[in-house]
Amino acid sequence: MTYDLYIGDYAYSSWSLRGWLLFRRFGIACKVHLVDFSGQDVAGQIAHLAPARTVPTMLTPEGGVVSESLAIAEELASRHPDAGIWPRDPKARARARTLAAEMASGFTALRSACPMALRTAYDWVDPTPEVRADLARIETIWGAALEASGGPWLCGDYSAADAFFAPVAARIAGYSLPVTKVASAYVQAHLADPAFRRWRAMGLVRGATLPWYAQSHAQVAWPGPTPLPAKPTERSDSENRLCPYSGDEVTDFLELEGRIFGFCNPFCRDKTVADPEAWPEFMAMFRG
């Protein structure tokens, strides 16, 4: 089966992150199409998928249009029942669906006050009462789920519920919001997740910084794992002749720990510079 997935800006589109994780975390292949957020005309860019008007939107192999994240999760789960999108255990599956549904319809104060912006982290020292109420509810449902499952994810193994809460974790981390130790540990699990790290790495290097997402809070360092210190280089004496991602001849290069590695285009290089350990193909070459 071949799917087409239309997503927004890696740095800012929280719902797109959910849709992308549903494919990447569960090993389902898709062709990704990027919708430019700088023009603020998402509906116009996906007019050929009408009546869809938001991202993410999935186009099925038969041409069906699925334009809501929870619907994408359910459609993929029905088509790929062995992928593990929902837990196999009925009790855990019921909890996972409840969690995802509450995320899809709730936490409007947090989502409004703290838009996802993965290029910048802030220290919001005095969240509003409405945001604190959303955080309290999040702590309650996360705590109950993690106690029941034993972790490390909400319902044991990673499920669609975790994909739905990944942008919430990014918001809590990205605005230095106060949460319990249990909730904080779950946030850190998302920040360390290789799939999330790959998404953020792409967000750091692709697309413009959009001023309407900027906040007035003091800026702080991103609280996730510290990337290895790679940097672009003009040196072309790379250890590899073919790009670790595409298999094409290399044209652009990075340096890491005094070693030179090549890639087939600037984006392949730059996403790797942003976070080398997020990319298994590169790390297999680097550690091999």
# chains A, B, ... in the order shown; residues from 1 in each chain; ligands from 1
$ residues_around --residues "segment 126-133 of chain A" --least-positions-apart "4" --cutoff "7 Å" --atoms "only C-alpha atoms" --output "list in words"
Ala109, Leu110 and Arg137 of chain A
$ select_by_dssp --residues "segment 75-185 of chain A" --states "strand (DSSP E or B)" --output "MDAnalysis selection string"
chainID A and resid 121:123 153 156
$ select_by_dssp --residues "segment 150-221 of chain A" --states "helix (DSSP H, G or I)" --output "ChimeraX atom specification"
/A:160-174,181-192,194-205,211-213
$ closest_atom_pairs --of "segment 164-193 of chain A" --to "segment 20-33 of chain A" --cutoff "12 Å" --atoms "only C-alpha atoms" --output "CSV"
residue,atom,partner,partner_atom,distance
A:Phe164,CA,A:Leu21,CA,8.7
A:Phe165,CA,A:Leu21,CA,10.8
A:Ala166,CA,A:Leu21,CA,8.9
A:Pro167,CA,A:Leu21,CA,10.7
A:His190,CA,A:Leu21,CA,11.5
A:Asp193,CA,A:Arg25,CA,9.9
$ residues_around --residues "segment 3-5 of chain A" --least-positions-apart "4" --cutoff "12 Å" --atoms "only C-alpha atoms" --output "PyMOL selection string"
chain A and resi 16-24+28-35+46+49+54-69+72+75-76+79
$ write_last_selection --atoms "N, CA and C atoms" --output "mmCIF file, in the first residue's frame"
data_model
loop_
_atom_site.group_PDB
_atom_site.id
_atom_site.type_symbol
_atom_site.label_atom_id
_atom_site.label_comp_id
_atom_site.auth_asym_id
_atom_site.auth_seq_id
_atom_site.Cartn_x
_atom_site.Cartn_y
_atom_site.Cartn_z
ATOM 1 N N SER A 16 0.334 17.870 12.691
ATOM 2 C CA SER A 16 1.119 17.150 11.694
ATOM 3 C C SER A 16 2.091 16.184 12.354
ATOM 4 N N LEU A 17 2.676 16.599 13.474
ATOM 5 C CA LEU A 17 3.565 15.702 14.213
ATOM 6 C C LEU A 17 2.824 14.429 14.595
ATOM 7 N N ARG A 18 1.608 14.554 15.066
ATOM 8 C CA ARG A 18 0.827 13.372 15.432
ATOM 9 C C ARG A 18 0.640 12.447 14.231
ATOM 10 N N GLY A 19 0.229 13.016 13.107
ATOM 11 C CA GLY A 19 0.013 12.193 11.925
ATOM 12 C C GLY A 19 1.286 11.518 11.452
ATOM 13 N N TRP A 20 2.383 12.250 11.453
ATOM 14 C CA TRP A 20 3.675 11.710 11.009
ATOM 15 C C TRP A 20 4.129 10.581 11.919
ATOM 16 N N LEU A 21 3.958 10.749 13.234
ATOM 17 C CA LEU A 21 4.352 9.699 14.169
ATOM 18 C C LEU A 21 3.549 8.420 13.951
ATOM 19 N N LEU A 22 2.295 8.552 13.560
ATOM 20 C CA LEU A 22 1.481 7.355 13.318
ATOM 21 C C LEU A 22 2.069 6.497 12.202
ATOM 22 N N PHE A 23 2.722 7.114 11.258
ATOM 23 C CA PHE A 23 3.402 6.357 10.208
ATOM 24 C C PHE A 23 4.790 5.910 10.664
ATOM 25 N N ARG A 24 5.590 6.845 11.146
ATOM 26 C CA ARG A 24 6.986 6.538 11.445
ATOM 27 C C ARG A 24 7.127 5.583 12.625
ATOM 28 N N ILE A 28 4.903 2.235 8.958
ATOM 29 C CA ILE A 28 4.030 2.278 7.787
ATOM 30 C C ILE A 28 4.596 3.308 6.811
ATOM 31 N N ALA A 29 4.850 2.888 5.597
ATOM 32 C CA ALA A 29 5.480 3.767 4.613
ATOM 33 C C ALA A 29 4.476 4.771 4.060
ATOM 34 N N CYS A 30 4.971 5.976 3.778
ATOM 35 C CA CYS A 30 4.145 6.987 3.140
ATOM 36 C C CYS A 30 5.043 7.972 2.403
ATOM 37 N N LYS A 31 4.464 8.645 1.449
ATOM 38 C CA LYS A 31 5.131 9.752 0.772
ATOM 39 C C LYS A 31 4.678 11.041 1.438
ATOM 40 N N VAL A 32 5.627 11.830 1.918
ATOM 41 C CA VAL A 32 5.309 13.036 2.665
ATOM 42 C C VAL A 32 5.301 14.241 1.734
ATOM 43 N N HIS A 33 4.268 15.066 1.874
ATOM 44 C CA HIS A 33 4.147 16.319 1.128
ATOM 45 C C HIS A 33 4.088 17.465 2.140
ATOM 46 N N LEU A 34 4.956 18.442 1.983
ATOM 47 C CA LEU A 34 5.001 19.560 2.915
ATOM 48 C C LEU A 34 4.124 20.705 2.440
ATOM 49 N N VAL A 35 3.307 21.220 3.355
ATOM 50 C CA VAL A 35 2.478 22.391 3.105
ATOM 51 C C VAL A 35 3.168 23.586 3.745
ATOM 52 N N ILE A 46 -4.003 22.534 -0.294
ATOM 53 C CA ILE A 46 -4.512 21.169 -0.400
ATOM 54 C C ILE A 46 -5.923 21.164 -0.999
ATOM 55 N N LEU A 49 -7.517 18.150 -2.384
ATOM 56 C CA LEU A 49 -7.976 17.133 -1.451
ATOM 57 C C LEU A 49 -9.296 17.533 -0.792
ATOM 58 N N THR A 54 -7.229 21.100 6.461
ATOM 59 C CA THR A 54 -6.212 21.175 7.501
ATOM 60 C C THR A 54 -5.187 20.061 7.292
ATOM 61 N N VAL A 55 -4.079 20.194 8.002
ATOM 62 C CA VAL A 55 -3.071 19.135 8.034
ATOM 63 C C VAL A 55 -3.017 18.576 9.452
ATOM 64 N N PRO A 56 -2.717 17.272 9.567
ATOM 65 C CA PRO A 56 -2.347 16.367 8.490
ATOM 66 C C PRO A 56 -3.574 15.865 7.732
ATOM 67 N N THR A 57 -3.367 15.552 6.486
ATOM 68 C CA THR A 57 -4.366 14.866 5.676
ATOM 69 C C THR A 57 -3.701 13.683 4.998
ATOM 70 N N MET A 58 -4.367 12.549 5.051
ATOM 71 C CA MET A 58 -3.856 11.328 4.441
ATOM 72 C C MET A 58 -4.683 10.991 3.206
ATOM 73 N N LEU A 59 -3.979 10.613 2.146
ATOM 74 C CA LEU A 59 -4.620 10.101 0.942
ATOM 75 C C LEU A 59 -4.339 8.612 0.878
ATOM 76 N N THR A 60 -5.386 7.807 0.894
ATOM 77 C CA THR A 60 -5.224 6.355 0.903
ATOM 78 C C THR A 60 -4.842 5.854 -0.487
ATOM 79 N N PRO A 61 -4.360 4.615 -0.595
ATOM 80 C CA PRO A 61 -4.010 4.078 -1.921
ATOM 81 C C PRO A 61 -5.166 4.096 -2.908
ATOM 82 N N GLU A 62 -6.400 4.025 -2.404
ATOM 83 C CA GLU A 62 -7.573 4.049 -3.298
ATOM 84 C C GLU A 62 -8.032 5.462 -3.608
ATOM 85 N N GLY A 63 -7.369 6.461 -3.020
ATOM 86 C CA GLY A 63 -7.756 7.845 -3.253
ATOM 87 C C GLY A 63 -8.674 8.417 -2.204
ATOM 88 N N GLY A 64 -8.904 7.700 -1.096
ATOM 89 C CA GLY A 64 -9.731 8.234 -0.029
ATOM 90 C C GLY A 64 -9.004 9.313 0.758
ATOM 91 N N VAL A 65 -9.722 10.354 1.150
ATOM 92 C CA VAL A 65 -9.152 11.477 1.882
ATOM 93 C C VAL A 65 -9.535 11.369 3.355
ATOM 94 N N VAL A 66 -8.528 11.334 4.225
ATOM 95 C CA VAL A 66 -8.745 11.269 5.669
ATOM 96 C C VAL A 66 -8.044 12.482 6.271
ATOM 97 N N SER A 67 -8.837 13.412 6.795
ATOM 98 C CA SER A 67 -8.264 14.717 7.143
ATOM 99 C C SER A 67 -8.434 15.073 8.615
ATOM 100 N N GLU A 68 -8.355 14.092 9.474
ATOM 101 C CA GLU A 68 -8.410 14.357 10.920
ATOM 102 C C GLU A 68 -7.529 13.310 11.588
ATOM 103 N N SER A 69 -6.729 13.738 12.557
ATOM 104 C CA SER A 69 -5.683 12.868 13.086
ATOM 105 C C SER A 69 -6.221 11.593 13.723
ATOM 106 N N ILE A 72 -7.232 9.320 11.055
ATOM 107 C CA ILE A 72 -6.056 8.697 10.439
ATOM 108 C C ILE A 72 -5.598 7.520 11.280
ATOM 109 N N GLU A 75 -8.077 4.654 10.797
ATOM 110 C CA GLU A 75 -8.005 4.073 9.457
ATOM 111 C C GLU A 75 -6.748 3.227 9.302
ATOM 112 N N LEU A 76 -5.628 3.731 9.794
ATOM 113 C CA LEU A 76 -4.396 2.948 9.714
ATOM 114 C C LEU A 76 -4.489 1.689 10.562
ATOM 115 N N ARG A 79 -6.368 -0.947 8.718
ATOM 116 C CA ARG A 79 -5.640 -1.462 7.569
ATOM 117 C C ARG A 79 -4.390 -2.242 7.972
#
$ closest_residue --among "A:Trp124, A:Val42, A:Ala160, A:Leu204" --to "Ala94 of chain A" --atoms "only C-alpha atoms"
A:Ala160
$ atom_distance --atom1 "atom CA of Ala169 of chain A" --atom2 "atom CA of Val125 of chain A"
17.4 Å
$ closest_residue --among "A:Cys264, A:Ala161, A:Ala83, A:Cys114" --to "Arg241 of chain A" --atoms "only C-alpha atoms"
A:Cys264
$ closest_atom_pairs --of "segment 151-269 of chain A" --to "segment 6-13 of chain A" --cutoff "10 Å" --atoms "only C-alpha atoms" --output "JSON lines"
{"residue": "A:Pro167", "atom": "CA", "partner": "A:Ser13", "partner_atom": "CA", "distance": 8.9}
{"residue": "A:Arg198", "atom": "CA", "partner": "A:Tyr10", "partner_atom": "CA", "distance": 9.9}
{"residue": "A:Trp199", "atom": "CA", "partner": "A:Tyr10", "partner_atom": "CA", "distance": 6.4}
{"residue": "A:Arg200", "atom": "CA", "partner": "A:Ala11", "partner_atom": "CA", "distance": 6.6}
{"residue": "A:Ala201", "atom": "CA", "partner": "A:Tyr10", "partner_atom": "CA", "distance": 8.7}
{"residue": "A:Met202", "atom": "CA", "partner": "A:Tyr10", "partner_atom": "CA", "distance": 6.4}
{"residue": "A:Gly203", "atom": "CA", "partner": "A:Ala11", "partner_atom": "CA", "distance": 4.3}
{"residue": "A:Leu204", "atom": "CA", "partner": "A:Ala11", "partner_atom": "CA", "distance": 6.7}
{"residue": "A:Val205", "atom": "CA", "partner": "A:Ala11", "partner_atom": "CA", "distance": 9.1}
{"residue": "A:Arg206", "atom": "CA", "partner": "A:Tyr10", "partner_atom": "CA", "distance": 7.6}
{"residue": "A:Gly207", "atom": "CA", "partner": "A:Asp9", "partner_atom": "CA", "distance": 6.9}
{"residue": "A:Ala208", "atom": "CA", "partner": "A:Asp9", "partner_atom": "CA", "distance": 9.0}
{"residue": "A:Thr209", "atom": "CA", "partner": "A:Ala11", "partner_atom": "CA", "distance": 8.5}
{"residue": "A:Leu210", "atom": "CA", "partner": "A:Tyr12", "partner_atom": "CA", "distance": 8.7}
{"residue": "A:Tyr213", "atom": "CA", "partner": "A:Tyr12", "partner_atom": "CA", "distance": 8.0}
$ residues_around --residues "Trp153 of chain A" --least-positions-apart "3" --cutoff "10 Å" --atoms "only C-alpha atoms" --output "CSV table (one decimal) with N, CA, C and O atoms, in the first residue's frame"
chain,number,residue,atom,x,y,z
A,142,TRP,N,-2.2,11.2,32.8
A,142,TRP,CA,-1.0,10.5,32.6
A,142,TRP,C,-0.6,9.6,33.8
A,142,TRP,O,-0.2,8.5,33.6
A,145,ALA,N,-2.7,6.4,33.8
A,145,ALA,CA,-2.3,5.5,32.8
A,145,ALA,C,-1.0,4.9,33.0
A,145,ALA,O,-0.8,3.6,32.9
A,146,LEU,N,0.0,5.6,33.5
A,146,LEU,CA,1.3,5.1,33.7
A,146,LEU,C,1.4,4.1,34.9
A,146,LEU,O,2.1,3.1,34.9
A,149,SER,N,-0.2,0.9,33.6
A,149,SER,CA,0.6,0.2,32.5
A,149,SER,C,1.9,-0.2,33.0
A,149,SER,O,2.5,-1.2,32.5
A,150,GLY,N,2.5,0.5,34.0
A,150,GLY,CA,3.9,0.3,34.4
A,150,GLY,C,4.9,1.0,33.4
A,150,GLY,O,6.1,0.9,33.6
A,156,GLY,N,1.8,1.1,28.2
A,156,GLY,CA,2.8,0.1,28.1
A,156,GLY,C,3.7,0.4,26.9
A,156,GLY,O,4.6,1.2,27.0
A,157,ASP,N,3.5,-0.4,25.8
A,157,ASP,CA,4.2,0.0,24.6
A,157,ASP,C,3.7,1.2,24.0
A,157,ASP,O,2.5,1.7,24.2
A,158,TYR,N,4.5,1.9,23.1
A,158,TYR,CA,4.1,3.1,22.4
A,158,TYR,C,2.8,2.8,21.6
A,158,TYR,O,2.7,1.8,20.9
A,159,SER,N,1.8,3.7,21.7
A,159,SER,CA,0.6,3.6,21.0
A,159,SER,C,0.2,4.9,20.4
A,159,SER,O,0.8,5.9,20.6
A,161,ALA,N,-2.0,6.8,21.5
A,161,ALA,CA,-2.2,7.7,22.6
A,161,ALA,C,-0.9,8.5,22.8
A,161,ALA,O,-1.0,9.8,23.1
A,162,ASP,N,0.2,7.9,22.7
A,162,ASP,CA,1.5,8.6,22.9
A,162,ASP,C,1.8,9.5,21.8
A,162,ASP,O,2.3,10.7,22.0
A,186,TYR,N,7.7,11.4,31.8
A,186,TYR,CA,7.1,11.0,30.5
A,186,TYR,C,7.4,12.0,29.4
A,186,TYR,O,7.6,11.7,28.3
A,189,ALA,N,10.7,11.2,28.1
A,189,ALA,CA,10.7,10.0,27.2
A,189,ALA,C,10.4,10.5,25.8
A,189,ALA,O,11.0,9.9,24.8
A,190,HIS,N,9.5,11.4,25.6
A,190,HIS,CA,9.2,11.9,24.3
A,190,HIS,C,10.4,12.7,23.7
A,190,HIS,O,10.8,12.5,22.5
$ residues_around --residues "Gly143 of chain A" --least-positions-apart "6" --cutoff "12 Å" --atoms "only C-alpha atoms" --output "PyMOL selection string"
chain A and resi 99+135-137+149-155+179-186
$ closest_residue --among "A:Pro232, A:Gly39, A:Pro225, A:Gly262" --to "Phe196 of chain A" --atoms "only C-alpha atoms"
A:Pro225
$ closest_residue --among "A:Ser216, A:Glu239, A:Tyr245, A:Glu74" --to "Lys271 of chain A" --atoms "only C-alpha atoms"
A:Tyr245
$ residues_around --residues "Asp248 of chain A" --least-positions-apart "4" --cutoff "10 Å" --atoms "only C-alpha atoms" --output "list in words"
Arg241, Leu242, Cys243, Pro244, Phe263, Cys264 and Asn265 of chain A
$ write_last_selection --atoms "C-alpha atoms" --output "short mmCIF file (atom, residue, chain, number, x, y, z; two decimals), in the first residue's frame"
data_model
loop_
_atom_site.label_atom_id
_atom_site.label_comp_id
_atom_site.auth_asym_id
_atom_site.auth_seq_id
_atom_site.Cartn_x
_atom_site.Cartn_y
_atom_site.Cartn_z
CA ARG A 241 30.72 7.82 -1.25
CA LEU A 242 26.94 7.33 -1.07
CA CYS A 243 24.36 9.17 1.06
CA PRO A 244 23.24 7.03 4.01
CA PHE A 263 25.23 13.47 1.88
CA CYS A 264 23.31 13.85 -1.35
CA ASN A 265 21.91 17.33 -0.66
#
$ residues_around --residues "Ala170 of chain A" --least-positions-apart "5" --cutoff "8 Å" --atoms "only C-alpha atoms" --output "count of residues only"
5
$ closest_residue --among "A:Pro87, A:Ile141, A:Val168, A:Ala77" --to "Phe107 of chain A" --atoms "only C-alpha atoms"
A:Val168
$ decode --residues "segment 113-124 of chain A" --atoms "all heavy atoms" --output "short mmCIF file (atom, residue, chain, number, x, y, z; two decimals), in the first residue's frame"
data_model
loop_
_atom_site.label_atom_id
_atom_site.label_comp_id
_atom_site.auth_asym_id
_atom_site.auth_seq_id
_atom_site.Cartn_x
_atom_site.Cartn_y
_atom_site.Cartn_z
N ALA A 113 -2.26 29.04 24.50
CA ALA A 113 -1.23 29.87 25.13
C ALA A 113 0.18 29.42 24.78
O ALA A 113 1.12 30.22 24.85
CB ALA A 113 -1.40 29.87 26.64
N CYS A 114 0.33 28.14 24.42
CA CYS A 114 1.67 27.57 24.21
C CYS A 114 1.72 26.87 22.85
O CYS A 114 1.81 25.64 22.80
CB CYS A 114 2.01 26.59 25.32
SG CYS A 114 1.94 27.27 26.98
N PRO A 115 1.69 27.62 21.76
CA PRO A 115 1.81 26.96 20.46
C PRO A 115 3.14 26.23 20.35
O PRO A 115 4.16 26.70 20.86
CB PRO A 115 1.73 28.13 19.47
CG PRO A 115 2.11 29.34 20.25
CD PRO A 115 1.62 29.09 21.64
N MET A 116 3.12 25.06 19.73
CA MET A 116 4.35 24.30 19.59
C MET A 116 5.32 25.07 18.71
O MET A 116 4.97 25.51 17.61
CB MET A 116 4.08 22.92 18.99
CG MET A 116 5.27 21.99 19.06
SD MET A 116 4.96 20.32 18.39
CE MET A 116 5.09 20.66 16.62
N ALA A 117 6.54 25.26 19.18
CA ALA A 117 7.58 25.98 18.44
C ALA A 117 8.91 25.33 18.79
O ALA A 117 9.55 25.69 19.77
CB ALA A 117 7.57 27.46 18.80
N LEU A 118 9.32 24.36 17.99
CA LEU A 118 10.44 23.49 18.36
C LEU A 118 11.80 24.12 18.15
O LEU A 118 12.81 23.55 18.54
CB LEU A 118 10.35 22.18 17.58
CG LEU A 118 9.11 21.34 17.86
CD1 LEU A 118 9.13 20.07 17.03
CD2 LEU A 118 9.00 20.99 19.34
N ARG A 119 11.84 25.31 17.56
CA ARG A 119 13.13 25.98 17.39
C ARG A 119 13.53 26.81 18.60
O ARG A 119 14.68 27.23 18.72
CB ARG A 119 13.08 26.91 16.17
CG ARG A 119 12.94 26.17 14.87
CD ARG A 119 12.92 27.12 13.70
NE ARG A 119 12.84 26.38 12.45
CZ ARG A 119 12.76 26.95 11.26
NH1 ARG A 119 12.74 28.28 11.17
NH2 ARG A 119 12.69 26.21 10.17
N THR A 120 12.58 27.06 19.49
CA THR A 120 12.83 27.94 20.64
C THR A 120 12.21 27.34 21.88
O THR A 120 11.13 26.75 21.81
CB THR A 120 12.21 29.33 20.39
OG1 THR A 120 12.66 29.83 19.13
CG2 THR A 120 12.59 30.31 21.48
N ALA A 121 12.89 27.48 23.01
CA ALA A 121 12.31 27.08 24.29
C ALA A 121 12.23 28.31 25.19
O ALA A 121 13.08 29.21 25.13
CB ALA A 121 13.17 26.00 24.95
N TYR A 122 11.19 28.35 26.01
CA TYR A 122 10.92 29.50 26.86
C TYR A 122 10.82 29.08 28.32
O TYR A 122 10.61 27.90 28.64
CB TYR A 122 9.60 30.16 26.45
CG TYR A 122 9.54 30.66 25.03
CD1 TYR A 122 8.90 29.92 24.03
CD2 TYR A 122 10.10 31.88 24.69
CE1 TYR A 122 8.83 30.39 22.73
CE2 TYR A 122 10.02 32.37 23.39
CZ TYR A 122 9.39 31.62 22.41
OH TYR A 122 9.32 32.09 21.13
N ASP A 123 10.91 30.07 29.18
CA ASP A 123 10.65 29.89 30.61
C ASP A 123 9.45 30.75 30.96
O ASP A 123 9.57 31.96 31.18
CB ASP A 123 11.88 30.30 31.43
CG ASP A 123 11.68 30.07 32.91
OD1 ASP A 123 10.72 29.36 33.29
OD2 ASP A 123 12.48 30.60 33.71
N TRP A 124 8.27 30.12 30.99
CA TRP A 124 7.05 30.84 31.35
C TRP A 124 6.86 30.68 32.86
O TRP A 124 6.45 29.64 33.34
CB TRP A 124 5.85 30.28 30.58
CG TRP A 124 4.61 31.12 30.74
CD1 TRP A 124 4.50 32.34 31.31
CD2 TRP A 124 3.28 30.76 30.32
NE1 TRP A 124 3.21 32.79 31.27
CE2 TRP A 124 2.43 31.85 30.66
CE3 TRP A 124 2.75 29.65 29.69
CZ2 TRP A 124 1.07 31.83 30.40
CZ3 TRP A 124 1.39 29.64 29.41
CH2 TRP A 124 0.56 30.71 29.76
#
